[in-house]
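Q: Dropping the structure in here first, questions after.
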Amino acid sequence: LQRPRHQGMAKNTYMRWRLPLVCLLWEGAMIVLFGVFVRFGTEADAHWEEEKREMNLTSDIENDFYFRYPSFQDVHVMIFVGFGFLMTFLKRYGFGAVGFNFLLAAFGIQWALLMQGWFHSFKDGKILIGVENLINADFCVGSVCIAFGAILGKTSPIQLLVMTLFQVTLFSVNEYILLNLLHVKDAGGSMTIHTFGAYFGLTVTRILYRPNLEQSKDKQGSVYHSDLFAMIGTLYLWMYWPSFNSAISDHGDAQHRSAINTYCSLAACVLTTMAFSSMLQKKGKLDMVHIQNATLAGGVAVGTSAEMMLTPYGSLIVGSISGIVSTVGYVYFTPFLESRLHIQDTCGIHNLHAMPGLIGGIVGAITAAAATEEVYGKEGFIKAFDFAGVYQKRTPSVQGGFQAAGIVVSLLMALVGGAIVGGILKLPIWGDAAAENCFEDDVYWEVPEDEESDVYHMHNPDKPASP
Amino acid sequence: LQRPRHQGMAKNTYMRWRLPLVCLLWEGAMIVLFGVFVRFGTEADAHWEEEKREMNLTSDIENDFYFRYPSFQDVHVMIFVGFGFLMTFLKRYGFGAVGFNFLLAAFGIQWALLMQGWFHSFKDGKILIGVENLINADFCVGSVCIAFGAILGKTSPIQLLVMTLFQVTLFSVNEYILLNLLHVKDAGGSMTIHTFGAYFGLTVTRILYRPNLEQSKDKQGSVYHSDLFAMIGTLYLWMYWPSFNSAISDHGDAQHRSAINTYCSLAACVLTTMAFSSMLQKKGKLDMVHIQNATLAGGVAVGTSAEMMLTPYGSLIVGSISGIVSTVGYVYFTPFLESRLHIQDTCGIHNLHAMPGLIGGIVGAITAAAATEEVYGKEGFIKAFDFAGVYQKRTPSVQGGFQAAGIVVSLLMALVGGAIVGGILKLPIWGDAAAENCFEDDVYWEVPEDEESDVYHMHNPDKPASP
Amino acid sequence: LQRPRHQGMAKNTYMRWRLPLVCLLWEGAMIVLFGVFVRFGTEADAHWEEEKREMNLTSDIENDFYFRYPSFQDVHVMIFVGFGFLMTFLKRYGFGAVGFNFLLAAFGIQWALLMQGWFHSFKDGKILIGVENLINADFCVGSVCIAFGAILGKTSPIQLLVMTLFQVTLFSVNEYILLNLLHVKDAGGSMTIHTFGAYFGLTVTRILYRPNLEQSKDKQGSVYHSDLFAMIGTLYLWMYWPSFNSAISDHGDAQHRSAINTYCSLAACVLTTMAFSSMLQKKGKLDMVHIQNATLAGGVAVGTSAEMMLTPYGSLIVGSISGIVSTVGYVYFTPFLESRLHIQDTCGIHNLHAMPGLIGGIVGAITAAAATEEVYGKEGFIKAFDFAGVYQKRTPSVQGGFQAAGIVVSLLMALVGGAIVGGILKLPIWGDAAAENCFEDDVYWEVPEDEESDVYHMHNPDKPASP
């Protein structure tokens, strides 16, 4: 463990004081802010018995906990196991993928509880939280996990914590603009989570462009078992996506419908992904990169419209298209983005989140614009789009226009925000690794000796194998 | 990536145009048929508000979504992660195990929504779907995953898609005969899913018999880590089986009881499996094949009876027996089936699904025949067996007889259907691999270089290691 | 498979007759005892329809199944996948970790249903079980899984079954004393599960002290992929811990609150763990052992208080502290315990369960003592602490005292019980391995050949590689 490997590194990646400092500072701030602001909402507070009487509820089962907790847990798994393991496909960055995702998400959910709380759950000077807040915090962090995918392997844990701080903040502002000012529907977050998260991450990675990244090209691939680990992430994202898109929908039919639409879209997406993965490769073989990622595009692409009356066949169509677009993206766009636009996108989030996110926003706008009282029923129509109060007179086509505006706002917030945050992350104080040490756990992690030696042995023939 | 490996293959496994064609054709058909037939059921439709009033429901929590969605998600995990990872035990077929299972299941659930919909949810020319349909579609596909286990590693993805098309169709017909014509109870699918799926798969693999399969014998085993990946599949199947057997049971006590019976049966099964795994091996060591598979037989064997008053100790007995039968099967029957009957059963589905499925059918028949009003209560008795309408006069012993008939029908459907489908799959147009390339991901997948070389290096000493 | 490896073993680890005998004996006893005692509770019995009328319930959704089943499944995953995979970090003990955990837990839950049933669900000579009993059985087994962590790799499966038999018994007695005699609150089991389980396991491993364990030092570490497998366990424990701590809390606000407190505590714990993991290592690198374990301490440490009005910021504080204590424990205490006190703690349960369990007990005592009617509301106060019947006059400070007494009782039970059971396990009849064969699957498992040879090749250069 005392070998002098990496002594020759060009950059200072020594984390000993910097990482603890940032972690403890961030956590200390959370404690203080939670102490000042965060309290239990009425359904989680011990006064619930009295509340129940006031709200005329006859049973504890009416507590929102029972409507949303199973979905919450599925979303939780998507954030930590889904995103975490999806990114373990790199042969020597599994610890970083799972571990840094764990770190940034654990911080992000705390900060998101505060940020989203101030915007949406603030009452008499306190943020009142319940299970829906936990889901929303996980959602918000989902957009950070997406952005992480673009810079995977090229950033220090400190950079990730800094990015999380800023991105959660911007996410919450953007979400507020969309949901509250534009009165846009986006329960599964095609715009707020995917479009915003992906273009934010792509902008950051553009700013952090590393011209010599081919020095670590040999570590940018997968090995057999790392591809299987990644499939754990893929499948959990795929299976639980119906919960993701329905988690914060209205009780009853909306949650039910969101789950069905997402289930259908994802199923269709698998078939078109497999088709194009084989078709776009000379030898006609399937590529695990596509299976791991493009199969999920169907979930992204119905994120806005799943709770609307998209209908099952509409979902199949959207899912089919997004699988094709995403797979084509991996084959043609990713190399183009890297060579021409200098956007180095480790996980291909442009294909999995950016383009399908845009599709999702557009499909949502169209579906909203096409809504009629006949299809939704009179009450259902008002409930589905929340056309009450000041929005009582809004028509479907106007709603469609606002939905489209939501896409544009999300894009602008992502590009401007990403540029600023990218600039901050470019400062030479955060301890990121040199180009030749990217995609390498050994920089920030204690790595067990023996298997490591195998891989090194293979790729660095000039380096003597460890004893 | 351009190495000429496998140039000498006897068979044409080139997928480039065939696989995309089949995938896109299948998916296109789904879109058209969904467009014509599939709509949201009342509990997922935006008209739910009006429906609620008509049905006199006071709360959204009465939506079937909240009764069944958590179970649905567990079943979903069993199909995609459970079956998918269970089959990754092969050292070089992990991509095919997880990936092809993903492909066939994603197609199968769409086709099953249609087939089962026409039989069970057809109203005014439309199939009305809700969460129960999603569960049933997953169930139906479960039987295809089972059959896949018998032919794992020996078939092309096209063959799997063709098999799925036919098997889902036959499954739905068989299910209709059992549930609607014979009025049989089979909530956990001992007969409809396991017996049917397993004997169907065994017949198919018999028809596809490969006399020279020992040419790929070295790849039919596991390696240390592939056995651990398989345990992920095993444990998720084992843990979520109580959800599987209770997912479509009647609301209330029936769901509750199914979960308890299954929990008990599975717990007992683990102990007898461990006992016999050690006992049947000269050196007394435990065999991962048994632990990965036979421990699950207890879930299969209470599939029919779990929602009945089997009682916890009855479940322990059934679970104990099925663990023994299954383990003995792996040690003695599988080699016998292969050498004498030319049934090459890659995963041993005869031991995990066929025999325990038969046990399950028989236990169900006996439990039904032994039912009394005393044990069930007057109302409970009628509710449990749905002895209403035209079945008002059916007695427990008659019900037991019909249950037994259900086993026979399932068997016949499986054998006849499997023979026909096996014949179709034998046509030399589907791109299956030659015997020496079976159990080898490299045929249909882009496989990363380096780890591969290790394994090859070990088994094919005549082949030079890759550079 | 017929190589004479391990012929020279000093100890007889031959399991062929002993393991089957114990398994079948244990399971036979379960069947008999279940037959005599265990029946369905009213909510799982077919008489539920009548019961519903009597209890004036208007809907099946009021069945406890729907309040607790999702949490039950999460807990189930924690026990089998969580604990099982967490322990796969050892390079050559993955089968034993997952497999023996599977075996002992499958037996343990049956025995726990009986033991806890006699104490808590006994009515008219029968134990009436429902979903809450299943959760409690899993909880009880959780304490055995914890103890298993201390002796991992050093014990035979028979020893584990014997230990499980005794530990479940003692757990149930201790739980009865705490919950029924002391009227202590401990929904997440900081005292009953973690403190008891950990000190029990530590005492057992002290009694079983192996002076020559450094002979298998090379197998006590991890390899790259085994660390990733372990992270599956870690993340499932971490994600589902909110379900664990809320699973048996009162319906409504208490379940809701428990989940929120646990979510907060765990999030904070990740940041302090990362901080101290980096800080305590010269090179400032993160250590997977800490990330895999200490990140979970926050869940242990709010086990008692999560359902109380701990408040979110209180949870952050408790989580932060426990992450620090646990990480410091791994760096300083574990080596100390081993060298000075001869406590060989394979998984470091002292750091993950013992110390955080004590913190949890203390935090629970303080939170209870600090409770006021103002904070809880009049009804909420009585409901939260069950200050009814004979406990009507108990004050918060008295409750705090009893909570503290619960810690002491749990500790004593663990130390005395662990000493006795350790003594029993020391008998030379259970087939444990010699020191040089510890942490080695090959002793009790059929291990596939090839990857094995790699590892051996590396560590035992004097042993010829297998052909």
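Labels used: A, B, ... for chains in the order of the structure tokens, numbers from 1 for residues in each chain, and numbers from 1 for ligands as shown.
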Would you mind listing what lies within 12 Å of C:Ser339 as a ChimeraX atom specification, with only C-alpha atoms counted and same-chain residues fewer than 2 positions away left out?
A: /C:206,209-211,213-214,332-337,341-345
Q: Residues of chain B within 6 Å of chain A, using only C-alpha atoms, as a list of chain:residue names?
A: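 Therefore, the residues near the partner are B:Met15, B:Arg16, B:Pro20, B:Cys23, B:Ile31, B:Phe34, B:Gly35, B:Glu43, B:Ala44, B:Asp45, B:Ala46, B:His47, B:Asp60, B:Asn63, B:Phe65, B:Ala106, B:Tyr444, B:Trp445, B:Glu446, B:Pro448.
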Q: Just the number, please: distance in Å from atom CA of C:Gly84 to atom CA of C:Tyr199, one decimal.
A: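 Calculated distance between atom CA of C:Gly84 and atom CA of C:Tyr199 is 19.8 Å.
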Q: Which residues come within 6 Å of stretch 429-434 of chain A, counting only C-alpha atoms, excluding same-chain residues fewer than 6 positions away, as a ChimeraX atom specification?
A: /A:11-13,155-156,158-159
Q: Quick one, how far is atom CA of B:Val302 from atom CA of B:Ala187?
A: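 Between atom CA of B:Val302 and atom CA of B:Ala187 the gap works out to 9.8 Å.
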Q: Using only C-alpha atoms, determine which residues lie at most 6 Å from stretch 347-358 of chain C, disregarding the query and same-chain residues fewer than 5 positions distant; provide the list as a VMD selection string.
A: chain C and resid 149 to 150 190 194 to 195 198 294 297 300 to 301 322 326 329
Q: One decimal, in Å: what's the spacing between atom CA of B:Trp17 and atom CA of B:Val168?
A: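 About the pair atom CA of B:Trp17 and atom CA of B:Val168: they are 24.7 Å apart.
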Q: Using DSSP on the backbone coordinates, identify all residues within stretch 271-431 of chain A classified as alpha helix (DSSP H); present the result as a VMD selection string.
A: chain A and resid 271 to 279 288 to 293 297 to 301 312 to 328 334 to 341 349 355 to 369 373 to 376 378 to 385 396 to 425
Q: Nearest residue to C:Asn136 out of C:Phe119, C:Phe85, C:Tyr391, C:Phe95, using only C-alpha atoms?
A: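 Between C:Phe119, C:Phe85, C:Tyr391, C:Phe95, the residue approaching C:Asn136 most closely is C:Phe119.
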Q: Residues within 7 Å of C:Leu104, please, as number ranges by chain. Count only C-alpha atoms; anything in the same chain fewer than 5 positions from it doesn't count.
A: C: 160-161, 164
Q: Which polymer residues have any atom within 9 Å of an atom of C:Glu436, counting only C-alpha atoms, with same-chain residues fewer than 6 positions away left out, as a list in words?
A: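 Counting only C-alpha atoms, the residues come to Met9, Asn212, Leu213, Glu214, Gln215, Ser216 and Lys217 of chain C.
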Q: Could you write those residues out with all heavy atoms, as a compact mmCIF listing (two decimals), in the first residue's frame?
A:
```
# COMPACT_ATOMS: atom_id res chain seq x y z
N MET C 9 -5.59 -30.77 5.91
CA MET C 9 -6.21 -29.91 6.91
C MET C 9 -6.15 -30.54 8.30
O MET C 9 -6.40 -31.74 8.47
CB MET C 9 -7.67 -29.66 6.56
CG MET C 9 -7.84 -28.60 5.50
SD MET C 9 -9.55 -28.17 5.28
CE MET C 9 -10.22 -29.79 4.90
N ASN C 212 -3.88 -18.11 15.65
CA ASN C 212 -3.06 -18.21 14.44
C ASN C 212 -3.76 -17.70 13.19
O ASN C 212 -3.49 -18.14 12.08
CB ASN C 212 -2.66 -19.67 14.21
CG ASN C 212 -1.91 -20.22 15.40
OD1 ASN C 212 -1.02 -19.55 15.94
ND2 ASN C 212 -2.29 -21.40 15.84
N LEU C 213 -4.66 -16.78 13.37
CA LEU C 213 -5.48 -16.37 12.24
C LEU C 213 -4.69 -15.63 11.16
O LEU C 213 -5.11 -15.56 10.01
CB LEU C 213 -6.64 -15.48 12.73
CG LEU C 213 -7.85 -15.41 11.81
CD1 LEU C 213 -8.42 -16.79 11.54
CD2 LEU C 213 -8.92 -14.52 12.41
N GLU C 214 -3.51 -15.13 11.55
CA GLU C 214 -2.72 -14.43 10.52
C GLU C 214 -2.29 -15.39 9.41
O GLU C 214 -1.86 -14.96 8.35
CB GLU C 214 -1.53 -13.69 11.15
CG GLU C 214 -0.35 -14.54 11.52
CD GLU C 214 -0.61 -15.36 12.78
OE1 GLU C 214 -1.70 -15.18 13.43
OE2 GLU C 214 0.24 -16.18 13.14
N GLN C 215 -2.46 -16.69 9.65
CA GLN C 215 -2.15 -17.67 8.59
C GLN C 215 -3.07 -17.50 7.37
O GLN C 215 -2.74 -17.96 6.28
CB GLN C 215 -2.29 -19.10 9.13
CG GLN C 215 -1.20 -19.46 10.13
CD GLN C 215 -1.35 -20.88 10.65
OE1 GLN C 215 -2.15 -21.65 10.12
NE2 GLN C 215 -0.61 -21.22 11.67
N SER C 216 -4.23 -16.91 7.59
CA SER C 216 -5.12 -16.70 6.45
C SER C 216 -5.28 -15.20 6.16
O SER C 216 -6.26 -14.77 5.59
CB SER C 216 -6.47 -17.34 6.70
OG SER C 216 -6.99 -16.93 7.94
N LYS C 217 -4.29 -14.43 6.60
CA LYS C 217 -4.32 -12.97 6.44
C LYS C 217 -4.54 -12.57 4.98
O LYS C 217 -5.26 -11.62 4.69
CB LYS C 217 -3.00 -12.38 6.94
CG LYS C 217 -3.09 -10.91 7.35
CD LYS C 217 -3.70 -10.78 8.74
CE LYS C 217 -4.15 -9.37 9.04
NZ LYS C 217 -4.93 -9.30 10.28
```
Q: For a quick check of understanding, using only C-alpha atoms, which of B:Leu202, B:Val81, B:Met163, B:Ile420 has the smallest distance to A:Leu237?
A: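 Nearest candidate to A:Leu237 out of B:Leu202, B:Val81, B:Met163, B:Ile420: B:Val81.
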Q: Pick out the residues sitting within 9 Å of C:Thr42, and hand them over as a PyMOL selection string; count only C-alpha atoms, and ignore anything fewer than 5 positions along from it in its own chain.
A: (chain B and resi 253) or (chain C and resi 47-48+51+128-130)
Q: Write the residues you've just listed into a file as an mmCIF file, in the first residue's frame, and include C-alpha atoms for each of them.
A:
```cif
data_model
loop_
_atom_site.group_PDB
_atom_site.id
_atom_site.type_symbol
_atom_site.label_atom_id
_atom_site.label_comp_id
_atom_site.auth_asym_id
_atom_site.auth_seq_id
_atom_site.Cartn_x
_atom_site.Cartn_y
_atom_site.Cartn_z
ATOM 1 C CA ASP B 253 -57.068 -11.669 3.596
ATOM 2 C CA HIS C 47 -62.850 -15.446 8.185
ATOM 3 C CA TRP C 48 -61.691 -11.877 7.529
ATOM 4 C CA GLU C 51 -64.042 -9.940 11.097
ATOM 5 C CA LEU C 128 -51.706 -15.989 15.238
ATOM 6 C CA ILE C 129 -49.462 -14.501 12.573
ATOM 7 C CA GLY C 130 -49.741 -11.665 10.102
#
```
